[in-house]
Structures are given as C-alpha cells and as structure tokens.
$ cat input_19.cif   # mmCIF, C-alpha atoms
data_model
#
loop_
_atom_site.group_PDB
_atom_site.id
_atom_site.type_symbol
_atom_site.label_atom_id
_atom_site.label_comp_id
_atom_site.auth_asym_id
_atom_site.auth_seq_id
_atom_site.Cartn_x
_atom_site.Cartn_y
_atom_site.Cartn_z
ATOM 1 C CA MET U 1301 11.000 48.367 -7.489
ATOM 2 C CA ILE U 1302 10.097 51.406 -9.543
ATOM 3 C CA PRO U 1303 6.627 52.085 -10.952
ATOM 4 C CA ALA U 1304 6.141 53.041 -14.588
ATOM 5 C CA ALA U 1305 6.095 56.801 -15.230
ATOM 6 C CA PHE U 1306 2.912 58.631 -14.345
ATOM 7 C CA GLU U 1307 1.544 62.104 -13.864
ATOM 8 C CA TYR U 1308 0.456 63.170 -10.388
ATOM 9 C CA GLU U 1309 -2.462 65.446 -9.584
ATOM 10 C CA ARG U 1310 -3.660 66.378 -6.112
ATOM 11 C CA VAL U 1311 -7.165 67.644 -5.521
ATOM 12 C CA ASP U 1312 -8.763 69.108 -2.414
ATOM 13 C CA SER U 1313 -12.428 68.577 -3.322
ATOM 14 C CA ALA U 1314 -14.649 65.784 -4.596
ATOM 15 C CA ASP U 1315 -15.669 68.009 -7.523
ATOM 16 C CA GLY U 1316 -12.017 68.436 -8.446
ATOM 17 C CA ALA U 1317 -11.513 64.663 -8.435
ATOM 18 C CA LEU U 1318 -14.612 64.102 -10.590
ATOM 19 C CA ALA U 1319 -13.466 66.709 -13.101
ATOM 20 C CA LEU U 1320 -10.060 65.056 -13.474
ATOM 21 C CA LEU U 1321 -11.641 61.613 -13.737
ATOM 22 C CA ALA U 1322 -13.892 62.893 -16.518
ATOM 23 C CA GLN U 1323 -10.887 64.396 -18.262
ATOM 24 C CA HIS U 1324 -8.582 61.358 -18.059
ATOM 25 C CA GLY U 1325 -11.071 58.486 -18.079
ATOM 26 C CA ASP U 1326 -9.674 55.005 -17.649
ATOM 27 C CA ASP U 1327 -6.061 56.247 -17.780
ATOM 28 C CA ALA U 1328 -6.480 57.693 -14.288
ATOM 29 C CA LYS U 1329 -6.541 55.975 -10.903
ATOM 30 C CA LEU U 1330 -7.553 57.492 -7.587
ATOM 31 C CA LEU U 1331 -4.853 57.444 -4.909
ATOM 32 C CA ALA U 1332 -6.082 57.567 -1.308
ATOM 33 C CA GLY U 1333 -3.782 55.844 1.180
ATOM 34 C CA GLY U 1334 -1.749 53.997 -1.427
ATOM 35 C CA HIS U 1335 -1.381 50.705 0.403
ATOM 36 C CA SER U 1336 -2.949 48.664 -2.376
ATOM 37 C CA LEU U 1337 -2.336 50.722 -5.488
ATOM 38 C CA LEU U 1338 1.336 51.612 -5.013
ATOM 39 C CA PRO U 1339 2.555 48.008 -4.535
ATOM 40 C CA LEU U 1340 0.580 47.043 -7.643
ATOM 41 C CA MET U 1341 2.253 49.875 -9.539
ATOM 42 C CA LYS U 1342 5.690 48.840 -8.304
ATOM 43 C CA LEU U 1343 5.061 45.307 -9.513
ATOM 44 C CA ARG U 1344 3.770 46.792 -12.788
ATOM 45 C CA PHE U 1345 0.443 45.044 -12.398
ATOM 46 C CA ALA U 1346 -1.068 48.520 -12.593
ATOM 47 C CA THR U 1347 0.278 51.220 -14.917
ATOM 48 C CA PRO U 1348 -2.062 54.218 -14.708
ATOM 49 C CA SER U 1349 -0.822 57.226 -16.642
ATOM 50 C CA VAL U 1350 -2.381 59.651 -14.144
ATOM 51 C CA LEU U 1351 -2.704 59.399 -10.370
ATOM 52 C CA ILE U 1352 -5.332 61.619 -8.775
ATOM 53 C CA ASP U 1353 -4.441 62.010 -5.096
ATOM 54 C CA VAL U 1354 -7.696 62.320 -3.136
ATOM 55 C CA GLY U 1355 -6.048 61.734 0.246
ATOM 56 C CA ARG U 1356 -6.410 65.329 1.393
ATOM 57 C CA ILE U 1357 -10.075 65.867 0.501
ATOM 58 C CA LYS U 1358 -11.310 66.886 3.939
ATOM 59 C CA GLU U 1359 -15.021 66.938 2.985
ATOM 60 C CA LEU U 1360 -14.988 63.145 2.572
ATOM 61 C CA SER U 1361 -13.408 62.390 5.941
ATOM 62 C CA TYR U 1362 -15.957 62.412 8.755
ATOM 63 C CA VAL U 1363 -17.985 60.384 11.207
ATOM 64 C CA LYS U 1364 -21.192 62.251 11.986
ATOM 65 C CA ASP U 1365 -24.662 61.908 13.415
ATOM 66 C CA ALA U 1366 -27.166 61.900 10.533
ATOM 67 C CA GLY U 1367 -30.382 61.518 12.499
ATOM 68 C CA ASP U 1368 -31.242 57.821 12.622
ATOM 69 C CA GLN U 1369 -27.917 56.896 10.989
ATOM 70 C CA VAL U 1370 -24.225 57.431 11.542
ATOM 71 C CA ALA U 1371 -22.574 58.705 8.355
ATOM 72 C CA ILE U 1372 -18.962 57.765 7.593
ATOM 73 C CA GLY U 1373 -17.147 59.572 4.781
ATOM 74 C CA ALA U 1374 -15.460 57.552 2.033
ATOM 75 C CA LEU U 1375 -12.007 58.862 2.994
ATOM 76 C CA THR U 1376 -12.347 58.391 6.740
ATOM 77 C CA ARG U 1377 -9.269 56.608 8.046
ATOM 78 C CA HIS U 1378 -9.580 53.378 10.021
ATOM 79 C CA HIS U 1379 -7.834 55.132 12.884
ATOM 80 C CA ASP U 1380 -10.581 57.759 13.018
ATOM 81 C CA VAL U 1381 -13.340 55.142 12.840
ATOM 82 C CA GLN U 1382 -11.697 53.215 15.656
ATOM 83 C CA HIS U 1383 -11.402 56.266 17.899
ATOM 84 C CA SER U 1384 -14.706 57.981 17.035
ATOM 85 C CA ASP U 1385 -16.638 58.796 20.239
ATOM 86 C CA LEU U 1386 -19.876 58.687 18.251
ATOM 87 C CA LEU U 1387 -19.236 55.186 16.921
ATOM 88 C CA GLN U 1388 -17.940 53.959 20.248
ATOM 89 C CA SER U 1389 -21.205 55.014 21.881
ATOM 90 C CA GLN U 1390 -23.667 54.229 19.054
ATOM 91 C CA VAL U 1391 -22.185 51.464 16.869
ATOM 92 C CA GLU U 1392 -19.450 50.090 19.046
ATOM 93 C CA ILE U 1393 -18.870 47.014 16.909
ATOM 94 C CA LEU U 1394 -17.773 49.176 13.957
ATOM 95 C CA ALA U 1395 -15.219 51.060 16.021
ATOM 96 C CA HIS U 1396 -14.013 47.767 17.450
ATOM 97 C CA ALA U 1397 -13.813 46.150 13.992
ATOM 98 C CA ALA U 1398 -11.795 49.080 12.625
ATOM 99 C CA GLY U 1399 -9.213 48.397 15.307
ATOM 100 C CA GLN U 1400 -8.999 44.726 14.355
ATOM 101 C CA ASN U 1401 -8.271 44.957 10.651
ATOM 102 C CA HIS U 1402 -5.199 47.111 10.500
ATOM 103 C CA ARG U 1403 -1.710 47.591 11.792
ATOM 104 C CA GLN U 1404 -0.983 50.760 13.680
ATOM 105 C CA ASN U 1405 1.380 52.041 10.983
ATOM 106 C CA VAL U 1406 -1.221 51.409 8.300
ATOM 107 C CA ALA U 1407 -4.279 52.826 10.043
ATOM 108 C CA ALA U 1408 -3.152 56.415 9.756
ATOM 109 C CA ARG U 1409 -3.411 56.198 5.980
ATOM 110 C CA GLN U 1410 -5.972 53.530 5.205
ATOM 111 C CA MET T 1154 7.044 73.171 -7.906
ATOM 112 C CA PRO T 1155 8.923 70.498 -5.949
ATOM 113 C CA PRO T 1156 7.350 69.252 -2.734
ATOM 114 C CA SER T 1157 8.534 70.804 0.465
ATOM 115 C CA VAL T 1158 9.188 68.018 2.922
ATOM 116 C CA ASP T 1159 10.393 68.942 6.358
ATOM 117 C CA GLY T 1160 12.618 66.033 7.382
ATOM 118 C CA ASN T 1161 14.001 66.008 10.915
ATOM 119 C CA GLY T 1162 13.756 69.771 11.050
ATOM 120 C CA LEU T 1163 15.369 70.364 7.657
ATOM 121 C CA THR T 1164 13.375 71.538 4.680
ATOM 122 C CA ARG T 1165 14.393 69.856 1.444
ATOM 123 C CA HIS T 1166 13.617 70.696 -2.144
ATOM 124 C CA GLU T 1167 15.335 67.854 -3.884
ATOM 125 C CA LEU T 1168 12.591 65.824 -5.460
ATOM 126 C CA ARG T 1169 13.457 64.775 -8.975
ATOM 127 C CA ALA T 1170 10.497 62.648 -9.979
ATOM 128 C CA VAL T 1171 6.987 62.315 -8.656
ATOM 129 C CA GLY T 1172 7.271 58.538 -8.734
ATOM 130 C CA ARG T 1173 9.861 58.423 -5.980
ATOM 131 C CA GLU T 1174 8.602 56.896 -2.779
ATOM 132 C CA GLU T 1175 9.259 58.608 0.485
ATOM 133 C CA GLU T 1176 11.774 56.049 1.690
ATOM 134 C CA ASP T 1177 13.741 56.293 -1.541
ATOM 135 C CA HIS T 1178 13.538 60.042 -1.195
ATOM 136 C CA VAL T 1179 15.017 60.164 2.291
ATOM 137 C CA ARG T 1180 17.688 57.565 1.525
ATOM 138 C CA ASN T 1181 18.928 58.766 -1.814
ATOM 139 C CA LEU T 1182 18.075 62.410 -2.131
ATOM 140 C CA VAL T 1183 18.154 63.704 1.411
ATOM 141 C CA GLY T 1184 21.006 61.347 2.300
ATOM 142 C CA LEU T 1185 19.550 59.787 5.444
ATOM 143 C CA THR T 1186 20.106 56.037 5.189
ATOM 144 C CA GLY T 1187 18.722 54.901 8.538
ATOM 145 C CA THR T 1188 15.338 54.040 7.048
ATOM 146 C CA ASN T 1189 15.529 50.544 5.590
ATOM 147 C CA ILE T 1190 13.710 49.190 2.570
ATOM 148 C CA GLY T 1191 12.604 45.606 3.113
ATOM 149 C CA CYS T 1192 9.690 44.188 1.148
ATOM 150 C CA ASP T 1193 8.944 47.446 -0.697
ATOM 151 C CA THR T 1194 5.232 46.600 -0.661
ATOM 152 C CA SER T 1195 4.138 47.694 2.844
ATOM 153 C CA SER T 1196 4.239 44.260 4.412
ATOM 154 C CA CYS T 1197 7.360 44.276 6.577
ATOM 155 C CA GLY T 1198 7.404 47.705 8.242
ATOM 156 C CA ALA T 1199 11.195 48.196 8.002
ATOM 157 C CA CYS T 1200 10.602 51.528 6.244
ATOM 158 C CA THR T 1201 8.378 52.993 8.994
ATOM 159 C CA VAL T 1202 8.817 56.740 9.545
ATOM 160 C CA HIS T 1203 6.628 59.365 11.186
ATOM 161 C CA LEU T 1204 4.546 61.689 9.029
ATOM 162 C CA ASN T 1205 3.167 64.501 11.181
ATOM 163 C CA GLY T 1206 3.944 62.342 14.215
ATOM 164 C CA GLU T 1207 2.123 59.223 13.003
ATOM 165 C CA ALA T 1208 3.901 56.011 12.020
ATOM 166 C CA VAL T 1209 3.518 55.145 8.339
ATOM 167 C CA LYS T 1210 5.141 52.615 6.051
ATOM 168 C CA SER T 1211 7.062 54.979 3.827
ATOM 169 C CA CYS T 1212 7.682 52.574 0.930
ATOM 170 C CA THR T 1213 4.150 53.189 -0.257
ATOM 171 C CA VAL T 1214 4.049 56.922 0.330
ATOM 172 C CA LEU T 1215 5.036 58.973 -2.673
ATOM 173 C CA ALA T 1216 7.309 61.869 -1.787
ATOM 174 C CA VAL T 1217 4.736 64.214 -3.303
ATOM 175 C CA GLN T 1218 2.104 62.806 -0.937
ATOM 176 C CA ALA T 1219 4.341 63.953 1.920
ATOM 177 C CA ASP T 1220 4.458 67.479 0.507
ATOM 178 C CA GLY T 1221 4.139 69.948 3.371
ATOM 179 C CA THR T 1222 4.230 67.306 6.099
ATOM 180 C CA ASP T 1223 6.724 66.914 8.918
ATOM 181 C CA VAL T 1224 8.817 63.776 8.342
ATOM 182 C CA THR T 1225 10.781 62.206 11.177
ATOM 183 C CA THR T 1226 13.102 59.298 10.439
ATOM 184 C CA ILE T 1227 15.113 57.219 12.909
ATOM 185 C CA GLU T 1228 17.892 59.826 12.627
ATOM 186 C CA GLY T 1229 15.572 62.480 14.040
ATOM 187 C CA LEU T 1230 14.565 60.601 17.170
ATOM 188 C CA ALA T 1231 17.547 61.017 19.498
ATOM 189 C CA PRO T 1232 17.680 64.340 21.368
ATOM 190 C CA SER T 1233 21.390 64.763 20.566
ATOM 191 C CA ALA T 1234 24.354 62.953 19.064
ATOM 192 C CA ASP T 1235 25.422 61.818 22.553
ATOM 193 C CA GLU T 1236 22.084 60.662 23.860
ATOM 194 C CA LEU T 1237 19.745 57.943 22.629
ATOM 195 C CA HIS T 1238 15.986 58.308 22.564
ATOM 196 C CA PRO T 1239 14.491 56.333 25.509
ATOM 197 C CA MET T 1240 13.149 53.756 23.027
ATOM 198 C CA GLN T 1241 16.583 53.309 21.443
ATOM 199 C CA GLN T 1242 18.119 53.018 24.907
ATOM 200 C CA ALA T 1243 15.537 50.376 25.848
ATOM 201 C CA PHE T 1244 16.307 48.337 22.702
ATOM 202 C CA TYR T 1245 20.014 48.619 23.552
ATOM 203 C CA GLU T 1246 19.556 47.514 27.165
ATOM 204 C CA ASN T 1247 17.130 44.677 26.454
ATOM 205 C CA HIS T 1248 18.847 43.135 23.430
ATOM 206 C CA GLY T 1249 15.902 44.220 21.280
ATOM 207 C CA LEU T 1250 17.722 43.504 18.045
ATOM 208 C CA GLN T 1251 20.016 41.013 16.410
ATOM 209 C CA CYS T 1252 20.806 41.830 12.785
ATOM 210 C CA GLY T 1253 19.242 45.278 13.154
ATOM 211 C CA PHE T 1254 17.504 45.482 9.799
ATOM 212 C CA CYS T 1255 13.985 45.818 11.211
ATOM 213 C CA THR T 1256 15.131 48.016 14.098
ATOM 214 C CA PRO T 1257 14.619 51.512 12.651
ATOM 215 C CA GLY T 1258 11.065 50.586 11.676
ATOM 216 C CA MET T 1259 10.429 48.828 14.987
ATOM 217 C CA VAL T 1260 11.633 51.832 16.976
ATOM 218 C CA MET T 1261 9.544 54.269 14.930
ATOM 219 C CA ALA T 1262 6.454 52.064 15.234
ATOM 220 C CA ALA T 1263 7.072 51.600 18.956
ATOM 221 C CA THR T 1264 7.471 55.315 19.709
ATOM 222 C CA SER T 1265 4.264 56.015 17.816
ATOM 223 C CA LEU T 1266 2.510 53.238 19.741
ATOM 224 C CA LEU T 1267 3.514 54.685 23.115
ATOM 225 C CA LYS T 1268 2.273 58.092 22.047
ATOM 226 C CA GLU T 1269 -1.149 56.540 21.534
ATOM 227 C CA ILE T 1270 -1.023 54.074 24.461
ATOM 228 C CA PRO T 1271 1.519 55.344 27.018
ATOM 229 C CA ASN T 1272 1.230 52.299 29.307
ATOM 230 C CA PRO T 1273 0.409 49.345 27.067
ATOM 231 C CA THR T 1274 -0.075 45.762 28.145
ATOM 232 C CA GLU T 1275 2.151 43.121 26.580
ATOM 233 C CA GLN T 1276 -0.770 42.147 24.355
ATOM 234 C CA GLN T 1277 -1.187 45.754 23.184
ATOM 235 C CA VAL T 1278 2.509 45.954 22.372
ATOM 236 C CA ARG T 1279 2.362 42.736 20.351
ATOM 237 C CA GLU T 1280 -0.677 44.004 18.457
ATOM 238 C CA GLY T 1281 0.895 47.423 18.034
ATOM 239 C CA ILE T 1282 3.953 46.084 16.226
ATOM 240 C CA GLU T 1283 2.187 43.418 14.182
ATOM 241 C CA GLY T 1284 2.869 45.459 11.046
ATOM 242 C CA ASN T 1285 6.617 45.090 11.602
ATOM 243 C CA LEU T 1286 8.414 41.848 10.823
ATOM 244 C CA CYS T 1287 11.611 40.603 12.469
ATOM 245 C CA ARG T 1288 13.383 37.465 11.323
ATOM 246 C CA CYS T 1289 15.910 37.223 14.157
ATOM 247 C CA THR T 1290 14.533 37.796 17.597
ATOM 248 C CA GLY T 1291 11.248 35.964 17.855
ATOM 249 C CA TYR T 1292 9.948 39.370 18.987
ATOM 250 C CA HIS T 1293 10.347 38.555 22.670
ATOM 251 C CA ASN T 1294 13.098 41.057 23.414
ATOM 252 C CA ILE T 1295 11.518 43.678 21.174
ATOM 253 C CA VAL T 1296 8.328 43.487 23.230
ATOM 254 C CA LYS T 1297 10.432 43.565 26.398
ATOM 255 C CA SER T 1298 12.244 46.665 25.135
ATOM 256 C CA ILE T 1299 9.033 48.523 24.353
ATOM 257 C CA LEU T 1300 7.535 47.656 27.739
ATOM 258 C CA ALA T 1301 10.763 48.835 29.381
ATOM 259 C CA ALA T 1302 10.618 52.122 27.460
ATOM 260 C CA ALA T 1303 6.989 52.573 28.537
ATOM 261 C CA GLY T 1304 8.054 52.030 32.124
ATOM 262 C CA ALA T 1305 10.949 54.451 31.770
ATOM 263 C CA SER T 1306 8.675 57.199 30.505
ATOM 264 C CA LYS T 1307 6.266 56.957 33.430
#
$ encode --input "input_19.cif" --output "structure tokens"
Amino acid sequence: MIPAAFEYERVDSADGALALLAQHGDDAKLLAGGHSLLPLMKLRFATPSVLIDVGRIKELSYVKDAGDQVAIGALTRHHDVQHSDLLQSQVEILAHAAGQNHRQNVAARQ
Amino acid sequence: MPPSVDGNGLTRHELRAVGREEEDHVRNLVGLTGTNIGCDTSSCGACTVHLNGEAVKSCTVLAVQADGTDVTTIEGLAPSADELHPMQQAFYENHGLQCGFCTPGMVMAATSLLKEIPNPTEQQVREGIEGNLCRCTGYHNIVKSILAAAGASK
C-alpha cells in the first residue's frame, strides 16, 4: 500500500514545528512515531500534503523531577517511561502501565 | 539531499521518494529481500528490523525517518556467510519456524528482546514477541528457540 504524495519536513525544535504548522495549517500533520498516522495514510484515510516529523525534538522527550510533580515530555517514548528510575521510585504505576500497553518493537517509537 | 541510511554496514544513497517506507526501501532499493512485508500496517511484525539496535516495525517507518540511523536487517545478523547468529541457530535447532514468513521479524524481535532481558522467563519471552504474529507454529517452538538462545548466550 502506497500513501498519497506528500512533502516531508523534519524539525529539531518545538518552535520549528509551530512555525511550520502556522505556515501549512490544516494541510499538515505531525509525525512522531508513525504507528497510527502512516497506516492511515497507506489506507488513504489520511492524505496530508505535508508531514512535519517531530520525532527527533529532544527538548520534548524527558521524565524529570518538577518539585511536587513528575514532568513527562510529550515526545517521551513508552520505553523511556517504563524504564525511568524516577517514575519507578515515585509513580511506579505509570512505569508499570507503560510496559503493559505496547509491544517491544513498538515501544521504541511510540 | 537523499537520506543516508547505514544498512548492515553499507551506506546507501538510493532513496527516490520520501513516501517510501523503510521496508520497501531495503527490499527494493538496497536489494535486501530478507525483511518481509506482511500486514503493512504495523500489526504483524514480519517487517521488524533494528534501528540503532532497537527493534522497530519498519513498514511504518519512512526511509527519511531512518536518515542517519544504523539499520540492521536479518541479513546483517549472522557473523559470516558460514555461521548463523545464535538466535538463527536456535530457531534451526528447535524447529522455530514452519513456513518461515514471520521468521525474519521474529528473529529480529527476539535478538532485541535478549539485549534488554538477557535471561528472560517464558512469560517474558511470550510478552516480548507479542507484536509478532505467526500463523503456523502456535508459538511454542518459537518461545523454545528464544529460551534456548538465551541459554546459549549465558
């Protein structure tokens, strides 16, 4: 199955992604892991004209101590949530849950 | 600028279209046909390869997403043409396959699993390969193979 033609842009910062989203509007879709969007594109249920790859934005991938909270970045992979020492010690159920809802060969990207 | 994908130690610059998925890329452009395309929607796991050492379902990875990463397919696993990787040897010795279609993905998922959990329990093996479907074996001998490979690498 082959998706419809699209343009591909990769950004390395959240600001870069926001700028491209502002430029392309509804024609653009954000691509992170790709597990949901790419099958939809192959089946032609989704036909974005621009894909903005946010998968390598490092600033949005973290698990960190934020005082009385644990902060998890929007692009943190399930694998990293599952294996986070901080979560395992402070919010163990989240780390445990992250290990329950994925397959090993999905977790590295999702 | 075409993506630079380092597949099994070879750097390739053959991408023709950004819409090509990684598995299509390695099969048709790089010429390595060991990676199988099953469901094409990341359900079956037949297309599993390693990106930077981690198992991923390549049918939903665009080749451009793999730009600059180290790709290992089933062809890159064995240490030489005369010697199987311990996981391949274990599948061979334990009848870990019948038709063989899921096997490249199973072996790639299994080697990645043992990297993360070197001495898994049977339950951990079954959970570790739950993203890979097999229609022939009932999984029993696949699990046996992976446990045997884990034992062999002790």
$ closest_residue --input "input_19.cif" --among "U:Leu1330, U:Ala1317, U:Val1311, U:Leu1340" --to "chain T" --atoms "all atoms listed in the file"
U:Leu1340
$ resolve_selection --input "input_19.cif" --expression "the PyMOL selection byres ((chain U) within 12 of (chain T))" --output "MDAnalysis selection string"
chainID U and resid 1301:1311 1331:1343 1347:1356 1379 1383 1399:1410
$ closest_residue --input "input_19.cif" --among "T:Cys1252, T:Ala1231, T:Arg1279, T:Pro1271" --to "T:Ala1303" --atoms "all atoms listed in the file"
T:Pro1271
$ resolve_selection --input "input_19.cif" --expression "the PyMOL selection byres ((chain U and resi 1375) around 6)" --output "VMD selection string"
chain U and resid 1360 to 1361 1373 to 1374 1376
$ atom_distance --input "input_19.cif" --atom1 "atom CA of T:Cys1287" --atom2 "atom CA of T:Asn1247"
15.6 Å
$ resolve_selection --input "input_19.cif" --expression "the PyMOL selection byres ((chain T and resi 1225) around 7)" --output "ChimeraX atom specification"
/T:1160-1161,1202-1204,1223-1224,1226-1227,1229
$ closest_residue --input "input_19.cif" --among "U:Leu1394, U:Ala1314, U:Ala1319, U:Val1381" --to "U:Val1363" --atoms "only C-alpha atoms"
U:Val1381
$ decode --input "input_19.cif" --residues "stretch 1317-1337 of chain U" --atoms "C-alpha atoms" --output "PDB file, in the first residue's frame"
ATOM      1  CA  ALA U1317       7.237  22.645  14.427  1.00  0.00           C
ATOM      2  CA  LEU U1318       4.928  25.514  15.425  1.00  0.00           C
ATOM      3  CA  ALA U1319       6.271  27.706  12.631  1.00  0.00           C
ATOM      4  CA  LEU U1320       5.622  25.018  10.020  1.00  0.00           C
ATOM      5  CA  LEU U1321       2.168  24.322  11.439  1.00  0.00           C
ATOM      6  CA  ALA U1322       1.350  28.024  11.180  1.00  0.00           C
ATOM      7  CA  GLN U1323       2.620  28.057   7.614  1.00  0.00           C
ATOM      8  CA  HIS U1324       0.773  24.958   6.364  1.00  0.00           C
ATOM      9  CA  GLY U1325      -2.331  24.960   8.558  1.00  0.00           C
ATOM     10  CA  ASP U1326      -4.692  22.037   8.191  1.00  0.00           C
ATOM     11  CA  ASP U1327      -2.730  20.594   5.244  1.00  0.00           C
ATOM     12  CA  ALA U1328      -0.002  19.497   7.655  1.00  0.00           C
ATOM     13  CA  LYS U1329       0.103  16.592  10.097  1.00  0.00           C
ATOM     14  CA  LEU U1330       2.649  15.995  12.831  1.00  0.00           C
ATOM     15  CA  LEU U1331       4.579  12.731  12.543  1.00  0.00           C
ATOM     16  CA  ALA U1332       6.024  11.362  15.789  1.00  0.00           C
ATOM     17  CA  GLY U1333       6.344   7.576  15.873  1.00  0.00           C
ATOM     18  CA  GLY U1334       4.124   6.958  12.867  1.00  0.00           C
ATOM     19  CA  HIS U1335       2.296   3.907  14.161  1.00  0.00           C
ATOM     20  CA  SER U1336      -1.139   5.457  13.775  1.00  0.00           C
ATOM     21  CA  LEU U1337      -0.682   8.044  11.055  1.00  0.00           C
TER      22      LEU U1337
END
